[in-house]
Every structure is written in C-alpha cells, then in structure tokens.
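Shown below: coords_29.pdb, with PDB, C-alpha atoms.
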MODEL        1
ATOM      1  CA  MET T  19       0.994 -14.818 -10.460  1.00  0.00           C
ATOM      2  CA  ARG T  20      -2.688 -13.949 -10.349  1.00  0.00           C
ATOM      3  CA  SER T  21      -4.876 -14.983 -13.238  1.00  0.00           C
ATOM      4  CA  GLU T  22      -6.747 -12.497 -15.376  1.00  0.00           C
ATOM      5  CA  GLU T  23     -10.006 -13.768 -13.862  1.00  0.00           C
ATOM      6  CA  GLU T  24      -8.723 -13.131 -10.322  1.00  0.00           C
ATOM      7  CA  LEU T  25      -7.585  -9.631 -11.242  1.00  0.00           C
ATOM      8  CA  ARG T  26     -10.877  -8.773 -12.904  1.00  0.00           C
ATOM      9  CA  ALA T  27     -12.887 -10.215  -9.999  1.00  0.00           C
ATOM     10  CA  SER T  28     -11.105  -7.955  -7.485  1.00  0.00           C
ATOM     11  CA  HIS T  29     -11.716  -4.769  -9.513  1.00  0.00           C
ATOM     12  CA  VAL T  30     -14.669  -2.741  -8.318  1.00  0.00           C
ATOM     13  CA  SER T  31     -14.355  -0.096 -11.022  1.00  0.00           C
ATOM     14  CA  GLY T  32     -12.294   0.063 -14.145  1.00  0.00           C
ATOM     15  CA  SER T  33     -10.163  -2.812 -15.304  1.00  0.00           C
ATOM     16  CA  PRO T  34      -6.726  -3.999 -14.240  1.00  0.00           C
ATOM     17  CA  SER T  35      -3.953  -1.669 -15.418  1.00  0.00           C
ATOM     18  CA  SER T  36      -2.211  -2.758 -18.560  1.00  0.00           C
ATOM     19  CA  GLY T  37       0.570  -1.438 -20.741  1.00  0.00           C
ATOM     20  CA  PRO T  38       4.313  -1.101 -20.338  1.00  0.00           C
ATOM     21  CA  VAL T  39       5.935  -0.632 -16.946  1.00  0.00           C
ATOM     22  CA  VAL T  40       7.740   2.704 -16.980  1.00  0.00           C
ATOM     23  CA  LEU T  41      10.302   3.390 -14.272  1.00  0.00           C
ATOM     24  CA  VAL T  42      11.711   6.863 -13.728  1.00  0.00           C
ATOM     25  CA  ASP T  43      14.637   8.030 -11.641  1.00  0.00           C
ATOM     26  CA  TYR T  44      13.903   9.014  -8.054  1.00  0.00           C
ATOM     27  CA  ASP T  45      12.188  12.384  -7.767  1.00  0.00           C
ATOM     28  CA  PRO T  46      12.891  14.368  -4.567  1.00  0.00           C
ATOM     29  CA  GLU T  47       9.357  15.821  -4.897  1.00  0.00           C
ATOM     30  CA  TRP T  48       7.765  12.444  -4.046  1.00  0.00           C
ATOM     31  CA  PRO T  49       7.890  12.926  -0.239  1.00  0.00           C
ATOM     32  CA  ARG T  50       6.197  16.323  -0.612  1.00  0.00           C
ATOM     33  CA  LEU T  51       3.522  14.805  -2.837  1.00  0.00           C
ATOM     34  CA  PHE T  52       2.962  12.081  -0.249  1.00  0.00           C
ATOM     35  CA  GLU T  53       2.544  14.701   2.500  1.00  0.00           C
ATOM     36  CA  ARG T  54      -0.004  16.532   0.375  1.00  0.00           C
ATOM     37  CA  GLU T  55      -1.973  13.304  -0.114  1.00  0.00           C
ATOM     38  CA  ALA T  56      -1.675  12.414   3.577  1.00  0.00           C
ATOM     39  CA  GLU T  57      -3.180  15.806   4.457  1.00  0.00           C
ATOM     40  CA  ARG T  58      -6.009  15.208   1.983  1.00  0.00           C
ATOM     41  CA  ILE T  59      -6.720  11.822   3.591  1.00  0.00           C
ATOM     42  CA  ARG T  60      -6.569  13.272   7.127  1.00  0.00           C
ATOM     43  CA  ALA T  61      -8.938  16.071   6.123  1.00  0.00           C
ATOM     44  CA  ALA T  62     -11.384  13.542   4.656  1.00  0.00           C
ATOM     45  CA  LEU T  63     -11.248  10.992   7.479  1.00  0.00           C
ATOM     46  CA  GLY T  64     -10.136  12.817  10.598  1.00  0.00           C
ATOM     47  CA  GLU T  65      -9.581  10.380  13.472  1.00  0.00           C
ATOM     48  CA  ARG T  66     -10.684   7.434  11.310  1.00  0.00           C
ATOM     49  CA  ALA T  67      -7.249   7.603   9.635  1.00  0.00           C
ATOM     50  CA  LEU T  68      -5.325   5.656  12.274  1.00  0.00           C
ATOM     51  CA  GLN T  69      -2.046   5.419  10.367  1.00  0.00           C
ATOM     52  CA  ILE T  70      -0.847   6.913   7.086  1.00  0.00           C
ATOM     53  CA  GLU T  71       2.512   5.825   5.673  1.00  0.00           C
ATOM     54  CA  HIS T  72       4.450   6.516   2.495  1.00  0.00           C
ATOM     55  CA  THR T  73       5.401   3.106   1.091  1.00  0.00           C
ATOM     56  CA  GLY T  74       6.445   1.643  -2.219  1.00  0.00           C
ATOM     57  CA  SER T  75       9.397   2.690  -4.291  1.00  0.00           C
ATOM     58  CA  THR T  76       8.596   6.412  -4.266  1.00  0.00           C
ATOM     59  CA  SER T  77       9.248   6.322  -0.500  1.00  0.00           C
ATOM     60  CA  ILE T  78      12.863   5.147  -0.948  1.00  0.00           C
ATOM     61  CA  PRO T  79      15.354   7.953  -1.677  1.00  0.00           C
ATOM     62  CA  GLY T  80      17.484   7.093  -4.699  1.00  0.00           C
ATOM     63  CA  LEU T  81      15.279   4.259  -5.994  1.00  0.00           C
ATOM     64  CA  ALA T  82      13.788   4.307  -9.483  1.00  0.00           C
ATOM     65  CA  ALA T  83      10.021   3.843  -9.462  1.00  0.00           C
ATOM     66  CA  LYS T  84       6.790   3.998 -11.352  1.00  0.00           C
ATOM     67  CA  PRO T  85       5.741   7.612 -10.634  1.00  0.00           C
ATOM     68  CA  ILE T  86       2.798   6.602  -8.421  1.00  0.00           C
ATOM     69  CA  ILE T  87       2.717   7.538  -4.736  1.00  0.00           C
ATOM     70  CA  ASP T  88       1.910   4.429  -2.689  1.00  0.00           C
ATOM     71  CA  ILE T  89       0.202   5.081   0.620  1.00  0.00           C
ATOM     72  CA  VAL T  90      -0.775   2.682   3.384  1.00  0.00           C
ATOM     73  CA  LEU T  91      -3.861   3.761   5.288  1.00  0.00           C
ATOM     74  CA  ALA T  92      -4.900   1.911   8.437  1.00  0.00           C
ATOM     75  CA  VAL T  93      -8.517   2.217   9.546  1.00  0.00           C
ATOM     76  CA  ALA T  94     -10.408   0.440  12.333  1.00  0.00           C
ATOM     77  CA  ASP T  95     -11.949  -2.104   9.934  1.00  0.00           C
ATOM     78  CA  SER T  96     -11.064  -2.060   6.239  1.00  0.00           C
ATOM     79  CA  ALA T  97     -14.095  -4.292   5.490  1.00  0.00           C
ATOM     80  CA  ASP T  98     -16.363  -1.467   6.723  1.00  0.00           C
ATOM     81  CA  GLU T  99     -16.158   0.548   3.511  1.00  0.00           C
ATOM     82  CA  GLU T 100     -18.992   2.879   4.525  1.00  0.00           C
ATOM     83  CA  ALA T 101     -16.743   4.262   7.273  1.00  0.00           C
ATOM     84  CA  TYR T 102     -14.064   5.561   4.912  1.00  0.00           C
ATOM     85  CA  VAL T 103     -14.799   5.101   1.185  1.00  0.00           C
ATOM     86  CA  PRO T 104     -17.468   7.840   0.761  1.00  0.00           C
ATOM     87  CA  PRO T 105     -15.320  10.571   2.378  1.00  0.00           C
ATOM     88  CA  LEU T 106     -12.284   9.487   0.360  1.00  0.00           C
ATOM     89  CA  GLU T 107     -14.344   9.481  -2.836  1.00  0.00           C
ATOM     90  CA  ALA T 108     -15.557  12.988  -1.959  1.00  0.00           C
ATOM     91  CA  ALA T 109     -11.853  13.950  -1.675  1.00  0.00           C
ATOM     92  CA  GLY T 110     -11.193  12.693  -5.213  1.00  0.00           C
ATOM     93  CA  TYR T 111     -10.190   9.064  -4.751  1.00  0.00           C
ATOM     94  CA  VAL T 112     -11.853   6.163  -6.575  1.00  0.00           C
ATOM     95  CA  LEU T 113     -12.320   2.676  -5.097  1.00  0.00           C
ATOM     96  CA  ARG T 114     -10.748   0.325  -7.624  1.00  0.00           C
ATOM     97  CA  VAL T 115      -9.917  -2.952  -5.845  1.00  0.00           C
ATOM     98  CA  ARG T 116     -11.595  -5.015  -3.148  1.00  0.00           C
ATOM     99  CA  GLU T 117      -9.667  -8.077  -1.904  1.00  0.00           C
ATOM    100  CA  PRO T 118     -11.527  -9.575   1.080  1.00  0.00           C
ATOM    101  CA  ASP T 119      -9.384 -12.722   0.966  1.00  0.00           C
ATOM    102  CA  TRP T 120      -6.122 -10.762   1.301  1.00  0.00           C
ATOM    103  CA  PHE T 121      -6.258  -8.942   4.647  1.00  0.00           C
ATOM    104  CA  GLU T 122      -9.525  -7.206   3.621  1.00  0.00           C
ATOM    105  CA  HIS T 123      -7.359  -4.985   1.403  1.00  0.00           C
ATOM    106  CA  ARG T 124      -8.948  -2.122  -0.499  1.00  0.00           C
ATOM    107  CA  LEU T 125      -7.219   0.058  -3.078  1.00  0.00           C
ATOM    108  CA  LEU T 126      -8.304   3.562  -3.946  1.00  0.00           C
ATOM    109  CA  LYS T 127      -6.685   5.536  -6.739  1.00  0.00           C
ATOM    110  CA  GLY T 128      -5.897   9.208  -6.796  1.00  0.00           C
ATOM    111  CA  ALA T 129      -5.171  11.162  -9.965  1.00  0.00           C
ATOM    112  CA  ASP T 130      -3.276  14.329  -9.021  1.00  0.00           C
ATOM    113  CA  PRO T 131      -0.708  13.095  -8.294  1.00  0.00           C
ATOM    114  CA  ALA T 132      -1.126   9.479  -9.342  1.00  0.00           C
ATOM    115  CA  ALA T 133      -1.545   7.629  -6.051  1.00  0.00           C
ATOM    116  CA  ASN T 134      -2.490   4.194  -4.749  1.00  0.00           C
ATOM    117  CA  VAL T 135      -4.063   4.202  -1.287  1.00  0.00           C
ATOM    118  CA  HIS T 136      -3.815   0.695   0.187  1.00  0.00           C
ATOM    119  CA  VAL T 137      -6.324   0.336   3.018  1.00  0.00           C
ATOM    120  CA  PHE T 138      -5.913  -2.270   5.755  1.00  0.00           C
ATOM    121  CA  SER T 139      -7.313  -2.698   9.253  1.00  0.00           C
ATOM    122  CA  THR T 140      -5.099  -1.349  12.000  1.00  0.00           C
ATOM    123  CA  GLY T 141      -2.632  -3.951  13.259  1.00  0.00           C
ATOM    124  CA  CYS T 142      -2.646  -5.900   9.974  1.00  0.00           C
ATOM    125  CA  VAL T 143       0.580  -7.881   9.526  1.00  0.00           C
ATOM    126  CA  GLU T 144       0.837  -6.703   5.912  1.00  0.00           C
ATOM    127  CA  ILE T 145       1.372  -3.139   7.124  1.00  0.00           C
ATOM    128  CA  GLU T 146       4.290  -4.361   9.237  1.00  0.00           C
ATOM    129  CA  ARG T 147       5.785  -6.226   6.244  1.00  0.00           C
ATOM    130  CA  MET T 148       5.489  -3.200   3.967  1.00  0.00           C
ATOM    131  CA  LEU T 149       7.149  -0.909   6.498  1.00  0.00           C
ATOM    132  CA  LEU T 150       9.892  -3.434   7.242  1.00  0.00           C
ATOM    133  CA  PHE T 151      10.657  -3.664   3.526  1.00  0.00           C
ATOM    134  CA  ARG T 152      10.598   0.125   3.082  1.00  0.00           C
ATOM    135  CA  ASP T 153      12.846   0.721   6.076  1.00  0.00           C
ATOM    136  CA  ARG T 154      15.306  -1.983   4.989  1.00  0.00           C
ATOM    137  CA  LEU T 155      15.682  -0.389   1.547  1.00  0.00           C
ATOM    138  CA  ARG T 156      16.087   3.061   3.059  1.00  0.00           C
ATOM    139  CA  ALA T 157      18.906   1.841   5.319  1.00  0.00           C
ATOM    140  CA  ASN T 158      20.730  -0.659   3.114  1.00  0.00           C
ATOM    141  CA  ASP T 159      22.320   0.423  -0.172  1.00  0.00           C
ATOM    142  CA  ALA T 160      23.056  -3.157  -1.315  1.00  0.00           C
ATOM    143  CA  GLU T 161      19.437  -4.245  -0.799  1.00  0.00           C
ATOM    144  CA  ARG T 162      18.155  -1.137  -2.581  1.00  0.00           C
ATOM    145  CA  GLU T 163      20.476  -1.821  -5.530  1.00  0.00           C
ATOM    146  CA  LEU T 164      19.408  -5.485  -5.659  1.00  0.00           C
ATOM    147  CA  TYR T 165      15.762  -4.481  -5.712  1.00  0.00           C
ATOM    148  CA  GLU T 166      16.262  -1.793  -8.351  1.00  0.00           C
ATOM    149  CA  GLU T 167      18.166  -4.215 -10.568  1.00  0.00           C
ATOM    150  CA  ALA T 168      15.306  -6.728 -10.317  1.00  0.00           C
ATOM    151  CA  LYS T 169      12.732  -4.002 -11.034  1.00  0.00           C
ATOM    152  CA  ARG T 170      14.589  -2.750 -14.104  1.00  0.00           C
ATOM    153  CA  GLU T 171      15.013  -6.281 -15.479  1.00  0.00           C
ATOM    154  CA  LEU T 172      11.311  -7.043 -14.970  1.00  0.00           C
ATOM    155  CA  ALA T 173      10.228  -3.668 -16.407  1.00  0.00           C
ATOM    156  CA  ARG T 174      11.943  -4.550 -19.692  1.00  0.00           C
ATOM    157  CA  ARG T 175       9.529  -7.475 -20.145  1.00  0.00           C
ATOM    158  CA  GLU T 176       6.085  -7.271 -21.654  1.00  0.00           C
ATOM    159  CA  TRP T 177       3.240  -7.775 -19.166  1.00  0.00           C
ATOM    160  CA  LYS T 178      -0.436  -8.078 -19.970  1.00  0.00           C
ATOM    161  CA  PHE T 179      -1.226  -6.479 -16.610  1.00  0.00           C
ATOM    162  CA  VAL T 180       0.969  -4.243 -14.439  1.00  0.00           C
ATOM    163  CA  GLN T 181      -0.032  -6.416 -11.464  1.00  0.00           C
ATOM    164  CA  HIS T 182       1.880  -9.300 -13.054  1.00  0.00           C
ATOM    165  CA  TYR T 183       5.027  -7.149 -12.912  1.00  0.00           C
ATOM    166  CA  ALA T 184       4.321  -6.460  -9.231  1.00  0.00           C
ATOM    167  CA  ASP T 185       3.726 -10.164  -8.561  1.00  0.00           C
ATOM    168  CA  ALA T 186       6.990 -11.060 -10.323  1.00  0.00           C
ATOM    169  CA  LYS T 187       8.916  -8.900  -7.832  1.00  0.00           C
ATOM    170  CA  SER T 188       7.652 -11.027  -4.929  1.00  0.00           C
ATOM    171  CA  GLU T 189      10.650 -13.347  -4.843  1.00  0.00           C
ATOM    172  CA  VAL T 190      13.218 -10.582  -4.335  1.00  0.00           C
ATOM    173  CA  VAL T 191      10.887  -8.766  -1.932  1.00  0.00           C
ATOM    174  CA  GLU T 192      10.584 -11.873   0.239  1.00  0.00           C
ATOM    175  CA  VAL T 193      14.375 -12.360   0.276  1.00  0.00           C
ATOM    176  CA  ILE T 194      14.885  -8.772   1.424  1.00  0.00           C
ATOM    177  CA  ILE T 195      12.175  -9.013   4.089  1.00  0.00           C
ATOM    178  CA  GLU T 196      13.651 -12.252   5.416  1.00  0.00           C
ATOM    179  CA  ARG T 197      17.097 -10.633   5.679  1.00  0.00           C
ATOM    180  CA  ALA T 198      15.548  -7.633   7.423  1.00  0.00           C
ATOM    181  CA  ARG T 199      14.035  -9.977  10.018  1.00  0.00           C
ATOM    182  CA  THR T 200      17.320 -11.817  10.600  1.00  0.00           C
ATOM    183  CA  PRO T 201      19.491 -10.120  13.226  1.00  0.00           C
TER
ENDMDL
END
What does this structure look like when you write it as structure tokens?
Amino acid sequence: MRSEEELRASHVSGSPSSGPVVLVDYDPEWPRLFEREAERIRAALGERALQIEHTGSTSIPGLAAKPIIDIVLAVADSADEEAYVPPLEAAGYVLRVREPDWFEHRLLKGADPAANVHVFSTGCVEIERMLLFRDRLRANDAERELYEEAKRELARREWKFVQHYADAKSEVVEVIIERARTP
C-alpha cells in the first residue's frame, strides 16, 4: 500500500481522494457515458489518441462500481505531456497525477461525468493487463462475483485515501489476471 507521502508526491493538482468508498449497482448508462468521453478525447487529440478503452468496473456489465468512468488512453509518449495535456485540459480534464516511475502513467480527471483518464504510452504492458482483467470479468461470472465480493468487503472498511482501497484489491486482481493467462 502506498504511503501518504508517495500519494501526495504523485499529485500534480489537488490532493489524494479521501472519504468513504461508495459502490453502486451497475448502471447500463455507463457504456454510453464512456462513448461520450471517448468522443471528447478524440475531438481534443485527433490522431494523437492511439487507443481509447473503457476499463475499470464501470466497463463490466453487472458489476457494482464506484460511479467513475475509467478510461485508458494510449498516446505515443505519455511522458511528453505537452503533446496531449493542454488539449485535454481545454476539453475540461484536469491533470491530477504524474507517476513517472510507474509506466510514465498520468491521470486526468473529468467532472461530467466523473471520469479517470489513465494515460500510458502505446504498447505499455499495463494496458494489456487492464484489458485482460476487464475481458476476463466480462466473460467469467465466477471471477466477476469473486471480484465484486472482495470490492464490497473492502468498501465496508474505513480508508484514509481511496487509493488505499484500490491498492487493497491488488491481491484478488492478480489472482484473476493469472487465471486469465493460464490456458
């Protein structure tokens, strides 16, 4: 689990999210909201948006989730913020997190709807992992139920930072990814 100092150091603007973790039942509007955000990103970046994917729990039909649309955006070089951050900010997103030591990850937040845009360089192995996990949960009811059970149990706990809740899910996520990789 990341320390408070690590979380604060990675935040470009604002502070790490805190407060209770609130899960809601799956909303069939989430795919439409993702498509709307994907169009906003495409309009802002044009050909610089090399891949846009709906990830996270809102991308899994039937899965309870925090009502935040998670998006993976692949660009040529996520460390080259000047190539994509200004147009995304002009489209209403705010750069919140910079993690050069973790795949040069950047996180921008959107407000309407609540969205997290995770930016990685094209070909990043983390994109593959996220899509493998998403696709496994979409295709496997038992894995989806296991993950939801873990999420609900963890959401009942008190967390100083929401990221600690996300970090606590890592163990079950890794188990599911490993099973997805095993033929």
Counting all atoms listed in the file, which residues in segment 34-65 of chain T sit no more than 12 Å from segment 164-167 of chain T? For each one, give the nearest pair of atoms and the distance in Å, sorted by chain then residue number, as JSON lines.
{"residue": "T:Leu41", "atom": "CA", "partner": "T:Glu166", "partner_atom": "CA", "distance": 9.9}
{"residue": "T:Val42", "atom": "CA", "partner": "T:Glu166", "partner_atom": "CA", "distance": 11.2}
{"residue": "T:Asp43", "atom": "CA", "partner": "T:Glu166", "partner_atom": "CA", "distance": 10.5}
{"residue": "T:Tyr44", "atom": "CA", "partner": "T:Glu166", "partner_atom": "CA", "distance": 11.1}
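Ranking T:Gly141, T:Pro105, T:Pro201, T:Gly80 by their shortest atom-to-atom distance to Arg60 of chain T, with all atoms listed in the file included, puts T:Pro105 first.
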Please indicate the distance in Å from atom CA of Ala67 of chain T to atom CA of Ala198 of chain T, rounded to one decimal place.
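The value is 27.5 Å.
Comparing the minimum interatomic distances between Glu176 of chain T and each of T:Leu150, T:Val137, T:Val40, T:Leu81, counting only C-alpha atoms, we find that T:Val40 sits nearest.
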I'd like the residues picked by the PyMOL selection byres ((chain T and resi 113) around 10) written out as a ChimeraX atom specification, using the chain letters and numbers from the file.
/T:29-32,99,103-104,106-107,111-112,114-116,124-128,134-135
Once the PyMOL selection byres ((chain T and resi 97) around 8) is applied to the coordinates I shared, what remains selected? I want it as a PDB file with C-alpha atoms, in the coordinates of the input.
ATOM      1  CA  ASP T  95     -11.949  -2.104   9.934  1.00  0.00           C
ATOM      2  CA  SER T  96     -11.064  -2.060   6.239  1.00  0.00           C
ATOM      3  CA  ASP T  98     -16.363  -1.467   6.723  1.00  0.00           C
ATOM      4  CA  GLU T  99     -16.158   0.548   3.511  1.00  0.00           C
ATOM      5  CA  PRO T 118     -11.527  -9.575   1.080  1.00  0.00           C
ATOM      6  CA  GLU T 122      -9.525  -7.206   3.621  1.00  0.00           C
ATOM      7  CA  HIS T 123      -7.359  -4.985   1.403  1.00  0.00           C
ATOM      8  CA  SER T 139      -7.313  -2.698   9.253  1.00  0.00           C
TER       9      SER T 139
END
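Across the model, the gap from atom CA of Pro49 of chain T to atom CA of Val143 of chain T is 24.1 Å.
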Taking into account all atoms listed in the file, which residue in the set T:Ile87, T:Val190, T:Val180, T:Ile195 is nearest to Phe151 of chain T?
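Nearest candidate to Phe151 of chain T out of T:Ile87, T:Val190, T:Val180, T:Ile195: T:Ile195.
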Just the number, please: distance in Å from atom CA of Ala173 of chain T to atom CA of Ala160 of chain T, one decimal.
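Rounded to one decimal, the two atoms are 19.8 Å apart.
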Kindly extract all protein, DNA and RNA residues lying within 12 Å of the coordinates (2.2, 15.4, 1.5) given in the file, considering all atoms listed in the file, and supply them as a PyMOL selection string.
chain T and resi 47-60+70-72+77+87-89+130-131+133
Could you check the closest approach to Glu100 of chain T for each of T:Gln69, T:Phe179, T:Leu63, T:Arg147 and tell me which residue wins, using all atoms listed in the file?
T:Leu63
Between T:Ala186, T:Ala101, T:Val90, T:Leu172, which is the closest to Val39 of chain T once you count all atoms listed in the file?
T:Leu172
Skip Asp153 of chain T itself and residues of its chain fewer than 5 positions away, then list as a list of chain:residue names all residues within 9 Å of it, counting all atoms listed in the file.
T:Ile78, T:Met148, T:Asn158, T:Ala198
Check the smallest atom-to-atom distance from each of T:Lys169, T:His182, T:Lys187, T:Arg197 to Lys84 of chain T using all atoms listed in the file, then report the winner.
T:Lys169
Got a sec to write segment 91-108 of chain T of the block to a file, N, CA, C and O atoms, as a PDB file, in the first residue's frame?
ATOM      1  N   LEU T  91      -6.119   5.654 -22.101  1.00  0.00           N
ATOM      2  CA  LEU T  91      -5.747   6.393 -23.299  1.00  0.00           C
ATOM      3  C   LEU T  91      -4.286   6.097 -23.596  1.00  0.00           C
ATOM      4  O   LEU T  91      -3.432   6.323 -22.740  1.00  0.00           O
ATOM      5  N   ALA T  92      -4.018   5.576 -24.783  1.00  0.00           N
ATOM      6  CA  ALA T  92      -2.638   5.362 -25.219  1.00  0.00           C
ATOM      7  C   ALA T  92      -2.253   6.491 -26.164  1.00  0.00           C
ATOM      8  O   ALA T  92      -2.994   6.816 -27.101  1.00  0.00           O
ATOM      9  N   VAL T  93      -1.098   7.087 -25.883  1.00  0.00           N
ATOM     10  CA  VAL T  93      -0.510   8.115 -26.736  1.00  0.00           C
ATOM     11  C   VAL T  93       0.896   7.660 -27.106  1.00  0.00           C
ATOM     12  O   VAL T  93       1.407   6.684 -26.553  1.00  0.00           O
ATOM     13  N   ALA T  94       1.538   8.361 -28.034  1.00  0.00           N
ATOM     14  CA  ALA T  94       2.873   7.952 -28.475  1.00  0.00           C
ATOM     15  C   ALA T  94       3.862   7.911 -27.313  1.00  0.00           C
ATOM     16  O   ALA T  94       4.635   6.966 -27.180  1.00  0.00           O
ATOM     17  N   ASP T  95       3.829   8.915 -26.443  1.00  0.00           N
ATOM     18  CA  ASP T  95       4.764   9.001 -25.326  1.00  0.00           C
ATOM     19  C   ASP T  95       4.076   9.724 -24.179  1.00  0.00           C
ATOM     20  O   ASP T  95       3.927  10.944 -24.207  1.00  0.00           O
ATOM     21  N   SER T  96       3.656   8.974 -23.167  1.00  0.00           N
ATOM     22  CA  SER T  96       2.910   9.585 -22.061  1.00  0.00           C
ATOM     23  C   SER T  96       3.766  10.558 -21.252  1.00  0.00           C
ATOM     24  O   SER T  96       3.225  11.414 -20.548  1.00  0.00           O
ATOM     25  N   ALA T  97       5.095  10.475 -21.345  1.00  0.00           N
ATOM     26  CA  ALA T  97       5.970  11.426 -20.657  1.00  0.00           C
ATOM     27  C   ALA T  97       5.960  12.793 -21.345  1.00  0.00           C
ATOM     28  O   ALA T  97       6.286  13.804 -20.720  1.00  0.00           O
ATOM     29  N   ASP T  98       5.557  12.837 -22.599  1.00  0.00           N
ATOM     30  CA  ASP T  98       5.502  14.084 -23.370  1.00  0.00           C
ATOM     31  C   ASP T  98       4.142  14.753 -23.134  1.00  0.00           C
ATOM     32  O   ASP T  98       3.270  14.769 -24.009  1.00  0.00           O
ATOM     33  N   GLU T  99       3.978  15.324 -21.961  1.00  0.00           N
ATOM     34  CA  GLU T  99       2.695  15.903 -21.572  1.00  0.00           C
ATOM     35  C   GLU T  99       2.250  17.032 -22.498  1.00  0.00           C
ATOM     36  O   GLU T  99       1.047  17.210 -22.716  1.00  0.00           O
ATOM     37  N   GLU T 100       3.187  17.782 -23.041  1.00  0.00           N
ATOM     38  CA  GLU T 100       2.828  18.898 -23.917  1.00  0.00           C
ATOM     39  C   GLU T 100       2.056  18.433 -25.153  1.00  0.00           C
ATOM     40  O   GLU T 100       1.297  19.202 -25.731  1.00  0.00           O
ATOM     41  N   ALA T 101       2.221  17.166 -25.520  1.00  0.00           N
ATOM     42  CA  ALA T 101       1.561  16.643 -26.715  1.00  0.00           C
ATOM     43  C   ALA T 101       0.081  16.345 -26.494  1.00  0.00           C
ATOM     44  O   ALA T 101      -0.678  16.254 -27.458  1.00  0.00           O
ATOM     45  N   TYR T 102      -0.333  16.181 -25.237  1.00  0.00           N
ATOM     46  CA  TYR T 102      -1.732  15.795 -25.018  1.00  0.00           C
ATOM     47  C   TYR T 102      -2.412  16.492 -23.837  1.00  0.00           C
ATOM     48  O   TYR T 102      -3.634  16.641 -23.842  1.00  0.00           O
ATOM     49  N   VAL T 103      -1.678  16.930 -22.827  1.00  0.00           N
ATOM     50  CA  VAL T 103      -2.339  17.527 -21.659  1.00  0.00           C
ATOM     51  C   VAL T 103      -3.044  18.840 -22.003  1.00  0.00           C
ATOM     52  O   VAL T 103      -4.227  18.995 -21.659  1.00  0.00           O
ATOM     53  N   PRO T 104      -2.403  19.811 -22.665  1.00  0.00           N
ATOM     54  CA  PRO T 104      -3.127  21.066 -22.948  1.00  0.00           C
ATOM     55  C   PRO T 104      -4.439  20.876 -23.714  1.00  0.00           C
ATOM     56  O   PRO T 104      -5.463  21.461 -23.321  1.00  0.00           O
ATOM     57  N   PRO T 105      -4.471  20.031 -24.780  1.00  0.00           N
ATOM     58  CA  PRO T 105      -5.773  19.866 -25.447  1.00  0.00           C
ATOM     59  C   PRO T 105      -6.817  19.163 -24.570  1.00  0.00           C
ATOM     60  O   PRO T 105      -8.013  19.475 -24.657  1.00  0.00           O
ATOM     61  N   LEU T 106      -6.367  18.242 -23.724  1.00  0.00           N
ATOM     62  CA  LEU T 106      -7.326  17.587 -22.829  1.00  0.00           C
ATOM     63  C   LEU T 106      -7.819  18.564 -21.762  1.00  0.00           C
ATOM     64  O   LEU T 106      -9.003  18.546 -21.403  1.00  0.00           O
ATOM     65  N   GLU T 107      -6.937  19.413 -21.272  1.00  0.00           N
ATOM     66  CA  GLU T 107      -7.368  20.429 -20.302  1.00  0.00           C
ATOM     67  C   GLU T 107      -8.365  21.392 -20.959  1.00  0.00           C
ATOM     68  O   GLU T 107      -9.355  21.775 -20.331  1.00  0.00           O
ATOM     69  N   ALA T 108      -8.121  21.746 -22.213  1.00  0.00           N
ATOM     70  CA  ALA T 108      -9.054  22.622 -22.927  1.00  0.00           C
ATOM     71  C   ALA T 108     -10.419  21.955 -23.095  1.00  0.00           C
ATOM     72  O   ALA T 108     -11.441  22.640 -23.188  1.00  0.00           O
TER      73      ALA T 108
END
